[in-house]
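Accompanying notes for the structure given below.
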There are 2 protein chains.
Amino acid sequence: MNLKELSEKLGLSQTTVSRALNGYPEVREATRERVLDAARRYNYSPNTRAKSLATGQSMAIGHVVPTSTTHEMVNPIFADFTAGASQTYARHGYEMVISTVPDGDEEKVYRKLKARGTVDGVLVHAPAMDDQRLSIIEDLGLPYAVHGRVSDRPEPYCWLDVNNRSAFRTATDFLLDLGHRRIALVNGREQMDFAYRRRSGYLDALEARRIAPDPQLMLSDEMTETFGYRSAMQLLALPRPPTAFLVSSMISAIGVRRAAEENGLRLGTDLSVMTFDDDLSYLRNGGDIPIFTAMHSSVREAGRLLAEMLIELIANPDGPRRTLLLEAELKVGRSTGPVPLAVRSA
Amino acid sequence: MNLKELSEKLGLSQTTVSRALNGYPEVREATRERVLDAARRYNYSPNTRAKSLATGQSMAIGHVVPTSTTHEMVNPIFADFTAGASQTYARHGYEMVISTVPDGDEEKVYRKLKARGTVDGVLVHAPAMDDQRLSIIEDLGLPYAVHGRVSDRPEPYCWLDVNNRSAFRTATDFLLDLGHRRIALVNGREQMDFAYRRRSGYLDALEARRIAPDPQLMLSDEMTETFGYRSAMQLLALPRPPTAFLVSSMISAIGVRRAAEENGLRLGTDLSVMTFDDDLSYLRNGGDIPIFTAMHSSVREAGRLLAEMLIELIANPDGPRRTLLLEAELKVGRSTGPVPLAVRSA
DNA sequence: GTGAAAGCGCTAACAA
DNA sequence: TTGTTAGCGCTTTCAC
């Protein structure tokens, strides 16, 4: 059933039917009723492609995900964030188009998305400190919004970020208050903007107490379980091992716990583990996770919000570039010892 | 740059340019060269919407994900699978469109996808035993492929599944061979087809040795860390607790480990934990995971394969409904005790 | 081997 | 308030 057929059934012109369906004011109410009714009865839905072609809007938003190095897509953060964004899109009638790209081919993909008219805007994930994507997208004239920030970018752009710096400052202070002095930082890859900001927060806290950071205690790589495990094994084997771990993701913290276990250390007694992660659904199911003391934020909600911001930008491309900084919340769990912990002898 | 502009630059008709670009044979080679060259130079990409409208093909494939109850999208399996499928789509020039739906609204969404011509086919995730979606999609005449199977469905359809039954039979046999007699099964939600098949395999193995299954030892729910933890806490508190756990997902197994830890039990010594999960990227990063003994399969590869099958079906809707059953691989890690473990006294 | 023209299903001037 | 008409950018007969 298409517009032509529907209008013939109704004995009206396509124009009138179209106007009735799209809520234009110049249609008589009775006519509109008739049209809407028939549309429902015949299960009519307008062909998106035809509509797009006529309006120039694709009513779709692209998420471009690099595959090879970062494994971004399988990152639970990405999943939760995307789920949130998707809900917003659905409410506004947008489709979500996900493209995966081998690293390096990104420019080509954005260019194509634009040229082919596949999407009306794009959401950018996991920006690096000197991320080049934004300039490319900006130059293409494609509306975009960023989950995170790009430190090296002076131009205004639409972003939403969690306050990583203050979160890690707070977390580190928390551990310092407990009496810890050797705190390991198990962080994401150095080029990632979030990792840089987190390290800054950690260093801020140490500096404020005049504690010299020990480079040996600061590791960074892609945040997998394996990385957490290996980091902890390595750090716990030091002559002066850390008494606390500040870990940039829950899944890596789980790896840290595995290492602790293998070393015969009990969390909350022999070792403190504190994590920053978003509030991920695959770990909980409505329940609490008191595994670690944690800095939490809702990444799903972040997805919803940023999608709203992007849609607003698409509607008004010359409007202001909105930004939003979310503060993380501290949740104290039982794995962080309440008292200064003895340094384990080598 | 669109076709008209490009053809004007070349002094050719749109027709010829179109033919040259799309590899039609009746174009002189020299002309084709010129056209392809110009297309590259001017960064020409055909407008997808216009092309779709003209051809009737959308060159997009839909993944419909229920949101409310199952949290499917944030399931790491889904993420890895989708990443794999997406790679195949990219190779074949397809876009991937993801829609989230509140449970129950699925029929409406499929109907819309079809009526609006948004996609050429759909991939169905996480089927339940009596899943109604397939009949709906079938009736709509939308090509589809299923990740998993639907036990209650006699009609042929295109699916790819891992052999859950034999995997769990093998896993249970493995634990039985070690001398375990009280083996807990921590499984996915009962309505899920995969959970049913896994339980069957588990029961098969017990029955073959004339061991009566203990209903107390069989739990099922959505596979989160929290569920694994709670299950294990509950089971370990039994008068006769299990000596081994067979867990349906790695993340839940991590919860089981947490519970074991809290109970002062060491994996591989006091307790065996065996898991079935796909080979998930967020846990590893190229490395091994010696956490549990596991039945493994590559879900990313599964995504790639099933996407191929679907694309083939779209190209030839009246062709055979291909199916593919993958066998899981047993990987023995150090957490499964090599000898019968003493039953912990209550 | 190349081009003219119709049409995919819809929207949006402009007319009535 | 409704209808006529001309596109949106591409493919695809059909004619040359």
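All residue names refer to the structure tokens as shown: chains lettered A, B, ... in order, residues numbered from 1 in each chain, ligands numbered from 1 in order.
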Discussion item. Neighbouring residues of DG7 (chain D) were defined as those with any atom within 12 Å, considering only C-alpha atoms (C1' of nucleotides); residues of the same chain fewer than 4 positions away were excluded. Please report them as a list of chain:residue names.
Written reply: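 Returned residues: A:Leu53, A:Ala54, A:Thr55, C:DC10, C:DT11, C:DA12, C:DA13.
Considering only region 244-336 of chain A, backbone DSSP assigns strand (DSSP E or B) to Ala244, Phe245, Leu246, Val247, Leu267, Leu271, Ser272, Val273, Met274, Thr275, Phe276, Asp277, Asp278, Thr293, Ala294, Met295, His296, Ser297, Thr323, Leu324, Leu325, Leu326, Glu329, Leu330 and Lys331 of chain A.
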I need the residues from that last selection saved to file as a short mmCIF file (atom, residue, chain, number, x, y, z; two decimals), in the first residue's frame (with N, CA and C atoms), if you can.
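Produced file again.cif, reproduced below:
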```cif
data_model
loop_
_atom_site.label_atom_id
_atom_site.label_comp_id
_atom_site.auth_asym_id
_atom_site.auth_seq_id
_atom_site.Cartn_x
_atom_site.Cartn_y
_atom_site.Cartn_z
N ALA A 244 46.81 -0.35 46.97
CA ALA A 244 45.47 -0.08 46.41
C ALA A 244 45.56 0.03 44.90
N PHE A 245 44.47 -0.33 44.25
CA PHE A 245 44.37 -0.22 42.79
C PHE A 245 43.20 0.68 42.43
N LEU A 246 43.50 1.60 41.55
CA LEU A 246 42.43 2.42 40.98
C LEU A 246 42.32 1.99 39.52
N VAL A 247 41.20 1.38 39.17
CA VAL A 247 41.10 0.73 37.88
C VAL A 247 40.03 1.39 37.01
N LEU A 267 40.56 -9.07 48.96
CA LEU A 267 40.14 -7.70 48.72
C LEU A 267 39.45 -7.14 49.96
N LEU A 271 44.12 -5.79 50.30
CA LEU A 271 44.26 -4.96 49.11
C LEU A 271 42.95 -4.20 48.87
N SER A 272 43.11 -2.92 48.48
CA SER A 272 41.92 -2.16 48.11
C SER A 272 41.82 -2.08 46.60
N VAL A 273 40.63 -2.30 46.09
CA VAL A 273 40.43 -2.09 44.67
C VAL A 273 39.26 -1.14 44.47
N MET A 274 39.54 -0.12 43.70
CA MET A 274 38.51 0.87 43.44
C MET A 274 38.40 1.00 41.92
N THR A 275 37.18 1.14 41.46
CA THR A 275 37.03 1.16 40.02
C THR A 275 36.21 2.35 39.57
N PHE A 276 36.45 2.75 38.34
CA PHE A 276 35.53 3.68 37.73
C PHE A 276 34.88 2.95 36.60
N ASP A 277 33.58 2.96 36.61
CA ASP A 277 32.93 2.43 35.43
C ASP A 277 31.52 2.96 35.40
N ASP A 278 30.94 2.84 34.25
CA ASP A 278 29.57 3.24 34.14
C ASP A 278 28.74 2.10 34.69
N THR A 293 34.57 -0.60 45.51
CA THR A 293 34.16 0.78 45.68
C THR A 293 34.31 1.43 44.32
N ALA A 294 33.34 2.22 43.94
CA ALA A 294 33.35 2.64 42.55
C ALA A 294 32.86 4.06 42.35
N MET A 295 33.37 4.67 41.29
CA MET A 295 32.78 5.89 40.78
C MET A 295 31.86 5.46 39.65
N HIS A 296 30.60 5.82 39.78
CA HIS A 296 29.60 5.34 38.85
C HIS A 296 28.94 6.47 38.09
N SER A 297 28.47 6.17 36.91
CA SER A 297 27.55 7.09 36.24
C SER A 297 26.72 6.25 35.29
N THR A 323 26.76 21.47 25.34
CA THR A 323 27.69 20.55 25.99
C THR A 323 27.12 20.18 27.36
N LEU A 324 27.55 19.04 27.84
CA LEU A 324 27.01 18.58 29.12
C LEU A 324 28.08 17.79 29.85
N LEU A 325 28.37 18.21 31.07
CA LEU A 325 29.37 17.52 31.88
C LEU A 325 28.68 16.85 33.06
N LEU A 326 28.75 15.53 33.11
CA LEU A 326 28.08 14.79 34.18
C LEU A 326 29.06 14.47 35.30
N GLU A 329 29.30 9.45 40.58
CA GLU A 329 28.83 9.27 41.94
C GLU A 329 29.71 8.22 42.62
N LEU A 330 30.01 8.44 43.87
CA LEU A 330 30.85 7.48 44.60
C LEU A 330 29.98 6.43 45.29
N LYS A 331 30.29 5.16 45.03
CA LYS A 331 29.58 4.09 45.73
C LYS A 331 30.58 3.23 46.47
#
```
Discussion item. Give me, as a PyMOL selection string, all polymer residues having an atom no more than 12 Å from DA15 (chain C), counting only C-alpha atoms (C1' of nucleotides) and skipping those fewer than 5 positions away in the same chain.
Written reply: chain D and resi 2-5
Discussion item. List as a ChimeraX atom specification the protein and nucleic acid residues near DG9 (chain D), meaning an atom at most 8 Å away when only C-alpha atoms (C1' of nucleotides) are counted, but skip any in the same chain fewer than 2 places from it.
Written reply: /A:53 /B:2-3,47,50-51
Can you write just those residues out, C-alpha atoms, as a PDB file, in the first residue's frame?
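The result, stored in part24.pdb:
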```pdb
ATOM      1  CA  LEU A  53      14.438  11.594  -1.464  1.00  0.00           C
TER       2      LEU A  53
ATOM      3  CA  ASN B   2      25.162  13.807  -8.274  1.00  0.00           C
ATOM      4  CA  LEU B   3      24.751  11.736 -11.379  1.00  0.00           C
ATOM      5  CA  ASN B  47      22.632   8.772  -3.310  1.00  0.00           C
ATOM      6  CA  ALA B  50      17.464   7.583  -4.813  1.00  0.00           C
ATOM      7  CA  LYS B  51      19.045   4.312  -5.733  1.00  0.00           C
TER       8      LYS B  51
END
```
Worksheet entry | DSSP-assigned alpha helix (DSSP H) members of region 117-323 of chain A, reported as a ChimeraX atom specification | /A:133-140,164-177,193-208,225-236,250-262,299-315
Worksheet item: Any idea what's packed within 7 Å of Ser151 (chain A), counting only C-alpha atoms (C1' of nucleotides), ignoring anything in its chain fewer than 2 positions away? Could you give it as a count of residues only?
Response: 5
Practice prompt. Please provide as a count of residues only all residues within 12 Å of DC16 (chain D), with the sequence filter that same-chain residues fewer than 2 positions apart are discarded (counting only C-alpha atoms (C1' of nucleotides)).
Written response: 5
Practice prompt. Just need the residues of chain A within 9 Å of chain D, counting only C-alpha atoms (C1' of nucleotides), so spit them out as a ChimeraX atom specification.
Written response: /A:12-16,26-28,50,52-56
Worksheet item: Between CA of Pro215 (chain A) and CA of Ala253 (chain A), what is the spacing in Å?
Response: 19.6 Å
Neighbours of Asn187 (chain B) within 7 Å (only C-alpha atoms (C1' of nucleotides); same-chain residues fewer than 2 positions away dropped), as a PDB file with N, CA and C atoms, in the first residue's frame?
```pdb
ATOM      1  N   LEU B 185      23.824 -26.329  37.787  1.00  0.00           N
ATOM      2  CA  LEU B 185      23.658 -25.740  36.456  1.00  0.00           C
ATOM      3  C   LEU B 185      23.095 -24.330  36.613  1.00  0.00           C
ATOM      4  N   ARG B 189      17.606 -17.776  31.077  1.00  0.00           N
ATOM      5  CA  ARG B 189      16.170 -17.810  31.316  1.00  0.00           C
ATOM      6  C   ARG B 189      15.514 -18.988  30.611  1.00  0.00           C
ATOM      7  N   ALA B 195      18.827 -21.974  26.413  1.00  0.00           N
ATOM      8  CA  ALA B 195      18.856 -22.466  27.787  1.00  0.00           C
ATOM      9  C   ALA B 195      18.228 -23.858  27.857  1.00  0.00           C
ATOM     10  N   LEU B 219      19.453 -23.673  38.359  1.00  0.00           N
ATOM     11  CA  LEU B 219      18.881 -22.335  38.447  1.00  0.00           C
ATOM     12  C   LEU B 219      18.894 -21.687  37.071  1.00  0.00           C
ATOM     13  N   SER B 220      17.941 -20.800  36.854  1.00  0.00           N
ATOM     14  CA  SER B 220      17.993 -20.103  35.579  1.00  0.00           C
ATOM     15  C   SER B 220      17.396 -18.712  35.674  1.00  0.00           C
ATOM     16  N   ASP B 221      18.056 -17.800  35.025  1.00  0.00           N
ATOM     17  CA  ASP B 221      17.630 -16.398  35.001  1.00  0.00           C
ATOM     18  C   ASP B 221      18.500 -15.673  33.981  1.00  0.00           C
ATOM     19  N   VAL B 247      28.301 -23.134  34.313  1.00  0.00           N
ATOM     20  CA  VAL B 247      27.683 -21.809  34.226  1.00  0.00           C
ATOM     21  C   VAL B 247      27.530 -21.386  32.772  1.00  0.00           C
ATOM     22  N   SER B 248      26.366 -20.872  32.468  1.00  0.00           N
ATOM     23  CA  SER B 248      26.014 -20.603  31.078  1.00  0.00           C
ATOM     24  C   SER B 248      26.638 -19.353  30.474  1.00  0.00           C
TER      25      SER B 248
END
```
